[in-house]
Amino acid sequence: MTATASGALSLAAGLLVLAAKFWAYRLTGSVALYSDALESVVNVAGAAAAFLALHISAAPPDRNHPYGHTKAEYLSAGFEGGLIAVAAVLILFEAVRRLFSPGPLPRLTEGIAISAASTVVNAALAAYLLAQARKQSSPALSADGIHLWTDVVTSLGMVLGLGLAKLTGLWLLDPLLGLLLASNILWAGYRLVRDSLSGLIDEGLSPEIISEIEATLAKEGPSFAEVRR
């Protein structure tokens with residue numbers, strides 16, 4: 001499957017998961033499930049940006065872009081990181097508000113079940129996207145896959161936390177989970193923006209990687225050429 005087709009698959013799956021997670025939030029009114037649903041909004045927006053960037057980057061080199069259009073993928077990754085930051089701020093606002101008025105959550109078992117099923121879909125999709133990113137050296141697919149893995153980890157923690165809240169009656173756990181999720185989402189957004197910027201400004205390789213390349217060239221490089229830089 002091409003990178004563009006993988007991006008289209010990510011977008012379609014993201015829309016399905018988004019609908020399911022907002023349904024879970026509407027059933028329960030949970031801040032944690034609201035956080036999960038908002039992150040899915042970012043997933044869909046990021047998948048749409050990645051699909052567009054992959055379509056642009058697939059264009060061959062031309063007169064104005066002699067080295068191709070692959071930098072568009074780094075812009076997509078940076079855009080997704082910015083969206084994650086916005087979602088985290090919205091979650092923080094709602095979580096802080098609910099800290100002062102925690103209470104029982106209706107139909108929580110149904111909400112948890114829907115969220116858990118959505119998490120399974122995201123886990124499968126994230127594994128596929130990261131495999132395709134490595135295969136095709138695609139920053140856009142890599143950013144999308146990393147973000148989905150972040151979503152999977154936070155969703156699992158949220159499901160366990162909400163289950164504990166239901167068993168113990170400690171409803172304060174719901175907004176506290178929202179705060180934890182927002183912090184984790186902010187960290188993921190920072191990583192995506194950082195990696196995107198390093199790609200856009202052509203950041204050099206680390207000394208360790210350069211040493212490994214030089215050792216490989218010295219051992220297996222062609223006898224008729226000398227690599228200086």
# chains A, B, ... in the order shown; residues from 1 in each chain; ligands from 1
call {"tool": "residues_around", "arguments": {"residues": "segment 20-28 of chain A", "least_positions_apart": "2", "cutoff": "8 Å", "atoms": "only C-alpha atoms", "output": "PyMOL selection string"}}
result
chain A and resi 16-18+30-31+33-34+36-37+40+105-108+110-112+114-115+118
call {"tool": "residues_around", "arguments": {"residues": "segment 77-93 of chain A", "least_positions_apart": "5", "cutoff": "7 Å", "atoms": "only C-alpha atoms", "output": "list in words"}}
result
Ser35, Leu38, Glu39, Val42, Gly46, Ala140, Ala143, Gly178, Leu179, Ala182, Ile185, Leu186, Gly189, Tyr190, Leu192, Val193 and Ser196 of chain A
call {"tool": "write_last_selection", "arguments": {"atoms": "N, CA, C and O atoms", "output": "mmCIF file, in the first residue's frame"}}
result
data_model
loop_
_atom_site.group_PDB
_atom_site.id
_atom_site.type_symbol
_atom_site.label_atom_id
_atom_site.label_comp_id
_atom_site.auth_asym_id
_atom_site.auth_seq_id
_atom_site.Cartn_x
_atom_site.Cartn_y
_atom_site.Cartn_z
ATOM 1 N N SER A 35 -11.637 14.058 27.303
ATOM 2 C CA SER A 35 -10.241 14.210 26.897
ATOM 3 C C SER A 35 -9.908 13.256 25.753
ATOM 4 O O SER A 35 -9.257 13.628 24.774
ATOM 5 N N LEU A 38 -11.550 14.487 22.555
ATOM 6 C CA LEU A 38 -10.870 15.646 21.974
ATOM 7 C C LEU A 38 -9.579 15.231 21.280
ATOM 8 O O LEU A 38 -9.229 15.760 20.228
ATOM 9 N N GLU A 39 -8.868 14.267 21.866
ATOM 10 C CA GLU A 39 -7.650 13.807 21.214
ATOM 11 C C GLU A 39 -7.972 13.135 19.881
ATOM 12 O O GLU A 39 -7.197 13.198 18.932
ATOM 13 N N VAL A 42 -8.181 15.677 17.228
ATOM 14 C CA VAL A 42 -6.832 15.993 16.756
ATOM 15 C C VAL A 42 -6.324 14.894 15.825
ATOM 16 O O VAL A 42 -5.676 15.159 14.809
ATOM 17 N N GLY A 46 -5.159 15.695 12.194
ATOM 18 C CA GLY A 46 -3.795 15.340 11.848
ATOM 19 C C GLY A 46 -3.735 14.360 10.691
ATOM 20 O O GLY A 46 -2.872 14.468 9.811
ATOM 21 N N ALA A 140 5.346 11.995 7.879
ATOM 22 C CA ALA A 140 3.916 12.220 8.132
ATOM 23 C C ALA A 140 3.267 10.980 8.736
ATOM 24 O O ALA A 140 2.514 11.063 9.711
ATOM 25 N N ALA A 143 4.566 10.527 12.327
ATOM 26 C CA ALA A 143 3.909 11.434 13.284
ATOM 27 C C ALA A 143 2.512 10.942 13.619
ATOM 28 O O ALA A 143 2.092 10.955 14.780
ATOM 29 N N GLY A 178 -8.136 13.426 33.701
ATOM 30 C CA GLY A 178 -8.119 14.427 32.630
ATOM 31 C C GLY A 178 -6.842 15.254 32.667
ATOM 32 O O GLY A 178 -6.243 15.533 31.625
ATOM 33 N N LEU A 179 -6.408 15.633 33.876
ATOM 34 C CA LEU A 179 -5.172 16.411 34.007
ATOM 35 C C LEU A 179 -3.957 15.604 33.553
ATOM 36 O O LEU A 179 -3.070 16.117 32.865
ATOM 37 N N ALA A 182 -3.990 15.307 29.744
ATOM 38 C CA ALA A 182 -3.592 16.568 29.105
ATOM 39 C C ALA A 182 -2.076 16.739 29.137
ATOM 40 O O ALA A 182 -1.470 17.176 28.160
ATOM 41 N N ILE A 185 -0.521 14.443 26.572
ATOM 42 C CA ILE A 185 -0.789 14.932 25.215
ATOM 43 C C ILE A 185 0.143 16.104 24.889
ATOM 44 O O ILE A 185 0.668 16.211 23.781
ATOM 45 N N LEU A 186 0.358 17.000 25.867
ATOM 46 C CA LEU A 186 1.271 18.123 25.650
ATOM 47 C C LEU A 186 2.692 17.636 25.329
ATOM 48 O O LEU A 186 3.363 18.186 24.460
ATOM 49 N N GLY A 189 2.790 16.416 21.802
ATOM 50 C CA GLY A 189 2.782 17.547 20.876
ATOM 51 C C GLY A 189 4.139 18.204 20.777
ATOM 52 O O GLY A 189 4.588 18.565 19.683
ATOM 53 N N TYR A 190 4.827 18.342 21.910
ATOM 54 C CA TYR A 190 6.172 18.930 21.911
ATOM 55 C C TYR A 190 7.128 18.097 21.065
ATOM 56 O O TYR A 190 7.912 18.627 20.268
ATOM 57 N N LEU A 192 6.442 16.062 18.572
ATOM 58 C CA LEU A 192 6.128 16.164 17.150
ATOM 59 C C LEU A 192 6.628 17.476 16.558
ATOM 60 O O LEU A 192 7.209 17.503 15.472
ATOM 61 N N VAL A 193 6.405 18.582 17.266
ATOM 62 C CA VAL A 193 6.865 19.889 16.763
ATOM 63 C C VAL A 193 8.382 19.927 16.702
ATOM 64 O O VAL A 193 8.966 20.416 15.725
ATOM 65 N N SER A 196 9.573 17.854 13.790
ATOM 66 C CA SER A 196 9.210 18.521 12.537
ATOM 67 C C SER A 196 10.177 19.654 12.225
ATOM 68 O O SER A 196 10.674 19.786 11.102
#
call {"tool": "residues_around", "arguments": {"residues": "Ala165 of chain A", "least_positions_apart": "6", "cutoff": "10 Å", "atoms": "only C-alpha atoms", "output": "JSON, numbers by chain"}}
result
{"A": [104, 105, 108, 159, 171, 172, 173, 174]}
call {"tool": "residues_around", "arguments": {"residues": "Leu52 of chain A", "least_positions_apart": "5", "cutoff": "12 Å", "atoms": "only C-alpha atoms", "output": "list in words"}}
result
Ala3, Thr4, Ala5, Ser6, Gly7, Ala8, Leu11, Ala45, Gly46, Ala47, Ser57, Ala58, Ala59, His69, Thr70, Ala72, Glu73, Tyr74, Leu75, Ser76, Ala77, Phe79, Ala140 and Leu141 of chain A
call {"tool": "write_last_selection", "arguments": {"atoms": "C-alpha atoms", "output": "short mmCIF file (atom, residue, chain, number, x, y, z; two decimals), in the first residue's frame"}}
result
data_model
loop_
_atom_site.label_atom_id
_atom_site.label_comp_id
_atom_site.auth_asym_id
_atom_site.auth_seq_id
_atom_site.Cartn_x
_atom_site.Cartn_y
_atom_site.Cartn_z
CA ALA A 3 1.92 6.18 1.74
CA THR A 4 -1.02 8.15 0.38
CA ALA A 5 -3.33 5.13 0.67
CA SER A 6 -2.10 4.55 4.23
CA GLY A 7 -2.94 8.18 5.01
CA ALA A 8 -6.45 7.71 3.62
CA LEU A 11 -8.30 9.29 8.12
CA ALA A 45 -7.34 16.68 11.78
CA GLY A 46 -3.80 15.34 11.85
CA ALA A 47 -4.70 12.43 9.57
CA SER A 57 5.10 15.00 -1.35
CA ALA A 58 4.32 12.25 -3.87
CA ALA A 59 4.64 14.79 -6.72
CA HIS A 69 8.20 18.00 -2.31
CA THR A 70 8.89 15.77 0.69
CA ALA A 72 5.49 18.99 3.06
CA GLU A 73 5.42 15.99 5.40
CA TYR A 74 7.36 17.86 8.09
CA LEU A 75 4.83 20.69 7.92
CA SER A 76 2.06 18.14 8.49
CA ALA A 77 3.83 16.75 11.55
CA PHE A 79 0.64 21.09 12.36
CA ALA A 140 3.92 12.22 8.13
CA LEU A 141 2.99 8.56 8.71
#
call {"tool": "residues_around", "arguments": {"residues": "Ala126 of chain A", "least_positions_apart": "4", "cutoff": "12 Å", "atoms": "only C-alpha atoms", "output": "list in words"}}
result
Ser6, Gly7, Leu9, Ser10, Ala13, Gly14, Asn43, Ala47, Thr119, Val120, Val121, Asn122, Leu130, Ala131, Gln132, Ala133, Leu141, Ser142, Ala143, Asp144, Gly145, Ile146, His147, Leu148, Trp149, Thr150, Asp151, Val152 and Val153 of chain A
call {"tool": "closest_residue", "arguments": {"among": "A:Ile201, A:Met158, A:Ala218, A:Ala113", "to": "Asn184 of chain A", "atoms": "only C-alpha atoms"}}
result
A:Met158
call {"tool": "closest_residue", "arguments": {"among": "A:Gly157, A:Ala124, A:Pro102, A:Ser138", "to": "Ala53 of chain A", "atoms": "only C-alpha atoms"}}
result
A:Ser138
call {"tool": "atom_distance", "arguments": {"atom1": "atom CA of Leu180 of chain A", "atom2": "atom CA of Ala12 of chain A"}}
result
28.0 Å
call {"tool": "atom_distance", "arguments": {"atom1": "atom CA of Gly169 of chain A", "atom2": "atom CA of Ser183 of chain A"}}
result
24.3 Å
call {"tool": "atom_distance", "arguments": {"atom1": "atom CA of Ala19 of chain A", "atom2": "atom CA of Ile56 of chain A"}}
result
28.1 Å
call {"tool": "closest_residue", "arguments": {"among": "A:Ser155, A:Leu54, A:Leu200, A:Val96", "to": "Lys71 of chain A", "atoms": "only C-alpha atoms"}}
result
A:Leu200
